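A quick write-up on the structure given underneath.
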Amino acid sequence: MTKTREILEARAKEDNIEFFMTMFVDMHGRPCAKLIPVSAMDVVCAGAGFAGFAVGPMGQSPAGPDMIADPDANSYFKIPWREGVAVVMCDIKVEGKPWPYTPRYLLGKALKKLEKERGQSLMVGVEAEYHLLRRDEAGKLAVADALDNLDYPCYDARGLTRMYDYLTTMSKYMNQLGYENYANDHEDSNGQFEQNFTYAEAMTTADRLIFFRYMANSVAHQFGMVATFMPKPFHDLTGNGLHMNTSLWDAGRKKNLFELAASKSTAKDKYGLGLTPLGYNFCGGVLEHAQAMSAITNPIVNSYKRMGVSAPNSGATWAPAYVAYGGNNRTQMIRVSEGNRLEIRSVDGAANPYLAFTAVLAAGLDGVDRKTDPGKPNLDNLYELHPDVVAAKQIKPMPPTLLHAAELLHGNPLMQKAFGHTGKEFYSDYFAKTKMEEFTKWHSKVGETERDTYLSLF
């Protein structure tokens with residue numbers, strides 16, 4: 001009997017599990033699964049088969065052999081609102097070998113390399129913002145709470161209270177899953193919320209985020225609502241970010257290697273933000289590669305409608321427009337509010353966490369290896385500076401569209417190395433080409449705004 005089978009059988013017996021959901025994600029981070037009865041434990045452990053081409057961009061054609069979902073027994077957990085059902089996260093194998101187009105496998109490979117070669121661990125905490133919506137009688141989407149219409153709704157106690165039942169249900173489920181929910185708040189947009197859970201090792205956080213998004217959608221449906229993590233669901237409201245709080249620790253996860261105060265290092269704090277030289281170098285690497293990896297951290301057409309400097313009707317904009325870092329300054333791409341982590345604010349709600357974490361880790365480690373200096377922290381409000389002033393400071397802008405970002409990613413040597421070669425192509429190039437096609441498909445469609453603007457203009 002394999003160890004995987006021993007673990008899953010023991011947990012299933014202890015928790016009275018009747019069905020397993022063997023779950024994995026495609027390139028887009030969409031959760032895919034099969035529901036398998038415990039009586040078919042052979043299928044669970046040997047791996048459920050999937051038609052790869054039907055899943056989406058997973059590197060297969062209709063002629064490809066089955067993708068087999070290989071369960072990670074350590075990822076097992078019960079679904080809080082479904083008695084007798086458990087989830088196990090899976091990596092994909094094809095003909096007995098790890099499939100190099102699998103997002104979770106790619107992150108796992110990078111984390112194993114980090115521990116083996118450097119004796120380090122990547123710790124990540126995410127701030128997953130999302131909107132709660134309803135469809136009106138005409139089927140049009142609107143903010144779920146009709147009374148949530150303040151110009152500045154952030155932290156509004158009444159808006160929070162009106163969603164009390166939904167938010168507390170989510171909180172209880174998160175705690176049952178071991179996420180350690182520590183805060184729930186109304187965010188900056190009408191209908192927008194954030195529910196925080198404790199940071200953890202990168203793979204754990206990525207698995208949790210995938211299920212958190214699935215859970216938010218499922219629970220919202222039970223309450224007659226729609227939950228969306230779309231980066232910019234409404235042009236006049238603040239978008240949904242996925243701020244990525246990042247730090248490197250020793251392999252035993254006892255010491256934060258970014259935190260100067262905890263490192264007992266004699267090194268001086270070069271820029272006064274409380275980071276170790278390692279932390280500053282990692283920051284420099286992320287900044288240097290930010291434009292190329294934005295196709296991964298901001299992976300859809302809609303992502304680039306979130307980034308900018310113009311304020312929406314509700315609240316303000318909090319998405320970075322430029323590649324810069326600073327202290328407790330939310331107009332930066334990287335914010336260092338405390339000297340123990342980098343808050344990477346460019347990542348948005350559409351990001352596949354397995355791929356985003358892999359890209360950020362590669363960029364940061366490149367900065368460490370080359371001792372990249374991020375320069376002096378920016379103290380300005382970048383939303384108020386004229387673009388010419390920003391350019392004079394040699395601060396680069398974020399890419400304006402997904403096409404620009406994908407073109408920067410394609411052929412990028414660092415990202416090619418980080419994600420590896422599939423035997424057919426570099427995964428990062430495959431990703432970039434997929435996103436170029438996605439942009440072209442969107443750009444080729446004629447919408448109402450175009451007709452309203454140009455129909456009678458000439």
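Residue names in the structure tokens use chain letters A, B, ... in the order shown, residue numbers from 1 in each chain, and ligand numbers from 1 in the order shown.
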
Exercise for review: For Ala391 (chain A), please output as a VMD selection string all residues within 12 Å (counting only C-alpha atoms; exclusion window: fewer than 3 positions along the same chain).
Suggested key: chain A and resid 322 to 324 382 385 to 388 394 to 397

**Study point:** Selection near Gly47 (chain A), 6 Å with only C-alpha atoms, sequence-local residues under 4 positions removed, as a list in words
**Key:**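 Everything that qualifies: Val43, Ile68, Ala69 and Asp70 of chain A.
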
Review point. Taking into account only C-alpha atoms, which residue in the set A:His289, A:Lys268, A:Lys445, A:Lys393 is nearest to Ala363 (chain A)?
Key: A:His289

Exercise for review: Looking only at strand (DSSP E or B) from DSSP on the backbone, list the matching residues of region 179-331 of chain A as a ChimeraX atom specification.
Suggested key: /A:181-186,192-197,200-201,226-228,237,241-250,256,259,275,314,322-323,325-326

Exercise for review: List the neighbours of Ser39 (chain A) out to 12 Å using only C-alpha atoms; skip same-chain residues closer than 3 positions along the sequence, and give me the result as a list of chain:residue names.
Suggested key: A:Glu9, A:Ala12, A:Lys13, A:Ile17, A:Glu18, A:Phe19, A:Phe20, A:Leu35, A:Ile36, A:Asp42, A:Val43, A:Val44, A:Cys45

Could those selected residues go to a file with N, CA and C atoms, as a PDB file, in the first residue's frame?
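out_11.pdb written:
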```
ATOM      1  N   GLU A   9      -6.960   6.999   2.951  1.00  0.00           N
ATOM      2  CA  GLU A   9      -7.906   6.052   3.546  1.00  0.00           C
ATOM      3  C   GLU A   9      -8.131   6.354   5.023  1.00  0.00           C
ATOM      4  N   ALA A  12     -10.173   9.612   5.264  1.00  0.00           N
ATOM      5  CA  ALA A  12     -11.552   9.375   4.829  1.00  0.00           C
ATOM      6  C   ALA A  12     -12.349   8.645   5.892  1.00  0.00           C
ATOM      7  N   LYS A  13     -11.724   7.683   6.539  1.00  0.00           N
ATOM      8  CA  LYS A  13     -12.400   6.936   7.600  1.00  0.00           C
ATOM      9  C   LYS A  13     -12.673   7.833   8.800  1.00  0.00           C
ATOM     10  N   ILE A  17     -15.796  10.360   5.046  1.00  0.00           N
ATOM     11  CA  ILE A  17     -15.813  10.870   3.674  1.00  0.00           C
ATOM     12  C   ILE A  17     -16.427   9.829   2.737  1.00  0.00           C
ATOM     13  N   GLU A  18     -17.327  10.299   1.885  1.00  0.00           N
ATOM     14  CA  GLU A  18     -17.965   9.434   0.899  1.00  0.00           C
ATOM     15  C   GLU A  18     -17.450   9.703  -0.515  1.00  0.00           C
ATOM     16  N   PHE A  19     -17.009  10.941  -0.751  1.00  0.00           N
ATOM     17  CA  PHE A  19     -16.539  11.312  -2.089  1.00  0.00           C
ATOM     18  C   PHE A  19     -15.283  12.174  -1.984  1.00  0.00           C
ATOM     19  N   PHE A  20     -14.402  11.995  -2.943  1.00  0.00           N
ATOM     20  CA  PHE A  20     -13.242  12.859  -3.118  1.00  0.00           C
ATOM     21  C   PHE A  20     -13.435  13.717  -4.363  1.00  0.00           C
ATOM     22  N   LEU A  35     -15.387  14.027  -9.339  1.00  0.00           N
ATOM     23  CA  LEU A  35     -15.978  13.588  -8.081  1.00  0.00           C
ATOM     24  C   LEU A  35     -15.941  12.060  -8.064  1.00  0.00           C
ATOM     25  N   ILE A  36     -15.197  11.505  -7.117  1.00  0.00           N
ATOM     26  CA  ILE A  36     -14.945  10.062  -7.108  1.00  0.00           C
ATOM     27  C   ILE A  36     -15.363   9.468  -5.763  1.00  0.00           C
ATOM     28  N   ASP A  42      -9.071   3.165  -5.641  1.00  0.00           N
ATOM     29  CA  ASP A  42      -8.035   2.839  -6.625  1.00  0.00           C
ATOM     30  C   ASP A  42      -7.908   3.944  -7.669  1.00  0.00           C
ATOM     31  N   VAL A  43      -9.055   4.503  -8.071  1.00  0.00           N
ATOM     32  CA  VAL A  43      -9.053   5.571  -9.075  1.00  0.00           C
ATOM     33  C   VAL A  43      -8.454   6.842  -8.486  1.00  0.00           C
ATOM     34  N   VAL A  44      -8.816   7.144  -7.231  1.00  0.00           N
ATOM     35  CA  VAL A  44      -8.280   8.340  -6.569  1.00  0.00           C
ATOM     36  C   VAL A  44      -6.758   8.267  -6.517  1.00  0.00           C
ATOM     37  N   CYS A  45      -6.239   7.129  -6.061  1.00  0.00           N
ATOM     38  CA  CYS A  45      -4.803   7.010  -5.820  1.00  0.00           C
ATOM     39  C   CYS A  45      -4.003   6.777  -7.095  1.00  0.00           C
TER      40      CYS A  45
END
```

Exercise for review: Find, counting only C-alpha atoms, the residue in A:Leu257, A:Val143, A:Met244, A:Met27 that gets nearest to Tyr430 (chain A).
Suggested key: A:Met27
